[in-house]
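Undergrad: Right, I'll just put the structure down here and ask away after.
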Amino acid sequence: MEEHLYNLNIERAVLSTIIFDPQQYEEIASHLKPEDFYHPFHQHLFMAMEALFRADQPIDEEFLRQKLMHQGQFDEVAFLDILSANPLSNTHAYIKEIKAKAQKRALVTLATEIKKLTIEDDLPADDVMDAVEKKLYSITSEATNEDFRESEEMALSTLEHIKKMKERGNSMLIGVDTGFKDLNRMTSGFGEGDLVIVAARPAMGKTALTLNMALKALENGDGVAFFSLEMPAEQLVLRMLSAKTSIALQDLRVGNLRDEEWTRLSEAVDWLSRQKLFVDDEGTLNIHQVRAKLRKLKSHHPEIKVAIIDYLQLMSGASNKDRHQEVSEISRGLKMLARELQIPIIALSQLNRSLESRSDKRPMLSDLRESGAIEQDADIILFVYRDDVYRIREEKEKEMKARAEGKEYRSNFHEKEEEDAEIIIGKQRNGPTGIIELKFQKRFTRFVDAGHVPVEVVYEQANIDTGGETKIELPPI
């Protein structure tokens with residue numbers, strides 16, 4: 001391999017520095033991996049240093065020699081070359097150079113793999129591009145790509161996780177904050193690598209709930225990526241501002257605000273403009289495009305902690321398969337992407353219309369549209385249910401029927417400022433299922449914990465927003 005792709009003198013100097021000053025190992029190891037070294041013996045030596053460090057043994061000439069001789073990996077000449085190298089007082093530039101050359105070698109290897117996938121294996125172009133994007137993301141984000149993890153590494157990693165949880169004061173929240181107290185209690189938050197499905201029938205506030213979750217993540221300082229396939233970004237922002245400011249969504253839409261509300265709105269817009277919120281509202285996306293866009297965004301903005309897709313059934317697959325196969329490809333692709341990027345991905349999903357023919361219209365797993373693959377791949381499945389949606393619909397149907405018969409109809413049912421709402425945990429791979437009780441404030445398209453202090457609002461019946469996905473022209477913001 002060309003010499004500009006490696007520098008043995010720099011590798012020897014860094015390894016020599018560790019031997020002469022073992023206190024530097026941990027700092028150097030936080031930036032370098034064994035495979036970053038070009039010379040095979042240098043890789044073996046760095047792994048031996050790691051083993052001695054974990055075993056709380058000295059990282060010195062004698063212990064390293066014994067360790068490598070026992071493993072049959074010792075090279076006397078290469079070891080003497082390292083010992084004769086001058087140790088460094090500042091390793092930063094040398095570490096950066098080793099990393100850069102390792103990445104160049106990885107790119108050369110990738111070029112060879114592209115040729116093999118394209119010519120020898122004759123894979124479809126989309127499959128080749130997806131493989132290349134995944135490998136390129138791995139190279140740029142310094143992700144490991146090992147086939148198996150050994151028991152020692154896994155056990156120590158698990159112990160470190162337990163210690164971190166203890167340091168947090170035994171907090172029940174170990175994942176991304178859902179924004180709701182009881183949902184956090186039952187799920188411990190959305191974990192890294194989780195695929196979370198939020199499903200509902202139309203007008204239940206499918207979109208509103210996930211926007212509330214996104215708003216909470218932003219308030220916690222986390223970055224959010226939102227793929228909106230149904231509505232433009234401005235409509236999403238309007239809903240978030242309504243929830244943030246407690247100003248009615250309908251008033252925001254038409255700019256009907258009092259002076260005090262304009263002040264609140266200005267403060268909220270200023271706050272939102274400083275947050276790491278990224279919205280893709282292209283409207284037509286397939287799984288390959290979502291993967292490519294999210295990988296690129298995550299590589300440039302590591303602070304992204306959650307991604308939301310609204311909604312799954314509007315996505316397309318990468319090939320002309322039947323719809324069930326497409327949905328299977330999409331859900332599996334999203335799950336693998338969540339694991340790869342180590343963030344939860346929340347995907348909205350539709351429910352089958354048939355559930356509305358039942359007397360109890362609370363959703364079940366079998367109500368998921370194209371449910372097989374979604375149910376299998378999801379780590380958590382949440383259903384949004386508001387009984388008042390059906391009660392309002394029934395009252396309107398009774399009124400229309402009475403009018404058609406020339407009769408007068410008087411309803412005893414009154415729409416509330418806050419409706420009872422349920423989040424039904426239909427599946428949770430690592431936790432319990434059950435029902436979370438919330439309140440839905442229709443005027444602000446906002447879900448809140450059931451035990452919150454109610455917001456006093458006075459408004460005309462005609463101004464009620466039902467939480468549906470009404471398409472209207474927005475005023476410029």
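Chain labels A, B, ... are given in the sequence in which chains occur in the structure tokens; within each chain residues are numbered consecutively from 1, and ligands are likewise numbered from 1 in the order shown.
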Among stretch 146-318 of chain A, which ones does DSSP place in alpha helix (DSSP H), written as a PyMOL selection string?
TA: chain A and resi 151-167+181-187+206-219+233-245+249-254+259-273+287-300
Undergrad: Using only C-alpha atoms, which protein or nucleic acid residues come within 8 Å of A:Leu252? Drop anything in the same chain fewer than 5 positions from it, and give the result as a list in words.
TA: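 Counting only the stated atoms, we get Leu238, Ser242, Ile247 and Leu257 of chain A.
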Undergrad: Export, as a PDB file, in the first residue's frame, the selected residues with N, CA and C atoms.
TA:
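Listing of selection-v9.pdb after writing:
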ATOM      1  N   LEU A 238     -46.447  26.209  13.384  1.00  0.00           N
ATOM      2  CA  LEU A 238     -47.627  26.828  13.982  1.00  0.00           C
ATOM      3  C   LEU A 238     -48.147  26.012  15.154  1.00  0.00           C
ATOM      4  N   SER A 242     -48.245  27.132  19.076  1.00  0.00           N
ATOM      5  CA  SER A 242     -49.500  27.142  19.833  1.00  0.00           C
ATOM      6  C   SER A 242     -49.336  26.399  21.153  1.00  0.00           C
ATOM      7  N   ILE A 247     -51.385  29.938  23.004  1.00  0.00           N
ATOM      8  CA  ILE A 247     -52.219  30.784  22.150  1.00  0.00           C
ATOM      9  C   ILE A 247     -52.970  29.862  21.198  1.00  0.00           C
ATOM     10  N   LEU A 257     -54.218  38.292  17.385  1.00  0.00           N
ATOM     11  CA  LEU A 257     -53.528  38.241  18.674  1.00  0.00           C
ATOM     12  C   LEU A 257     -53.601  39.583  19.396  1.00  0.00           C
TER      13      LEU A 257
END
Undergrad: Tell me which protein, DNA and RNA residues are within 8 Å of A:Phe41, counting only C-alpha atoms, leaving out same-chain ones fewer than 5 positions away, and put them as a list in words.
TA: Gln73, Phe74, Asp75 and Ala78 of chain A
Undergrad: Could those selected residues go to a file with C-alpha atoms, as a short mmCIF file (atom, residue, chain, number, x, y, z; two decimals), in the first residue's frame?
TA:
data_model
loop_
_atom_site.label_atom_id
_atom_site.label_comp_id
_atom_site.auth_asym_id
_atom_site.auth_seq_id
_atom_site.Cartn_x
_atom_site.Cartn_y
_atom_site.Cartn_z
CA GLN A 73 1.94 -12.16 18.63
CA PHE A 74 5.30 -10.85 19.81
CA ASP A 75 7.74 -9.29 17.31
CA ALA A 78 9.14 -4.18 15.89
#
Undergrad: Quick one, how far is atom CA of A:Glu61 from atom CA of A:Ser16?
TA: 9.9 Å
Undergrad: Using only C-alpha atoms, can you tell me which of A:Val279, A:Leu80, A:Asp420, A:Lys407 comes closest to A:Gly451?
TA: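 Selected residue with least distance to A:Gly451: A:Asp420.
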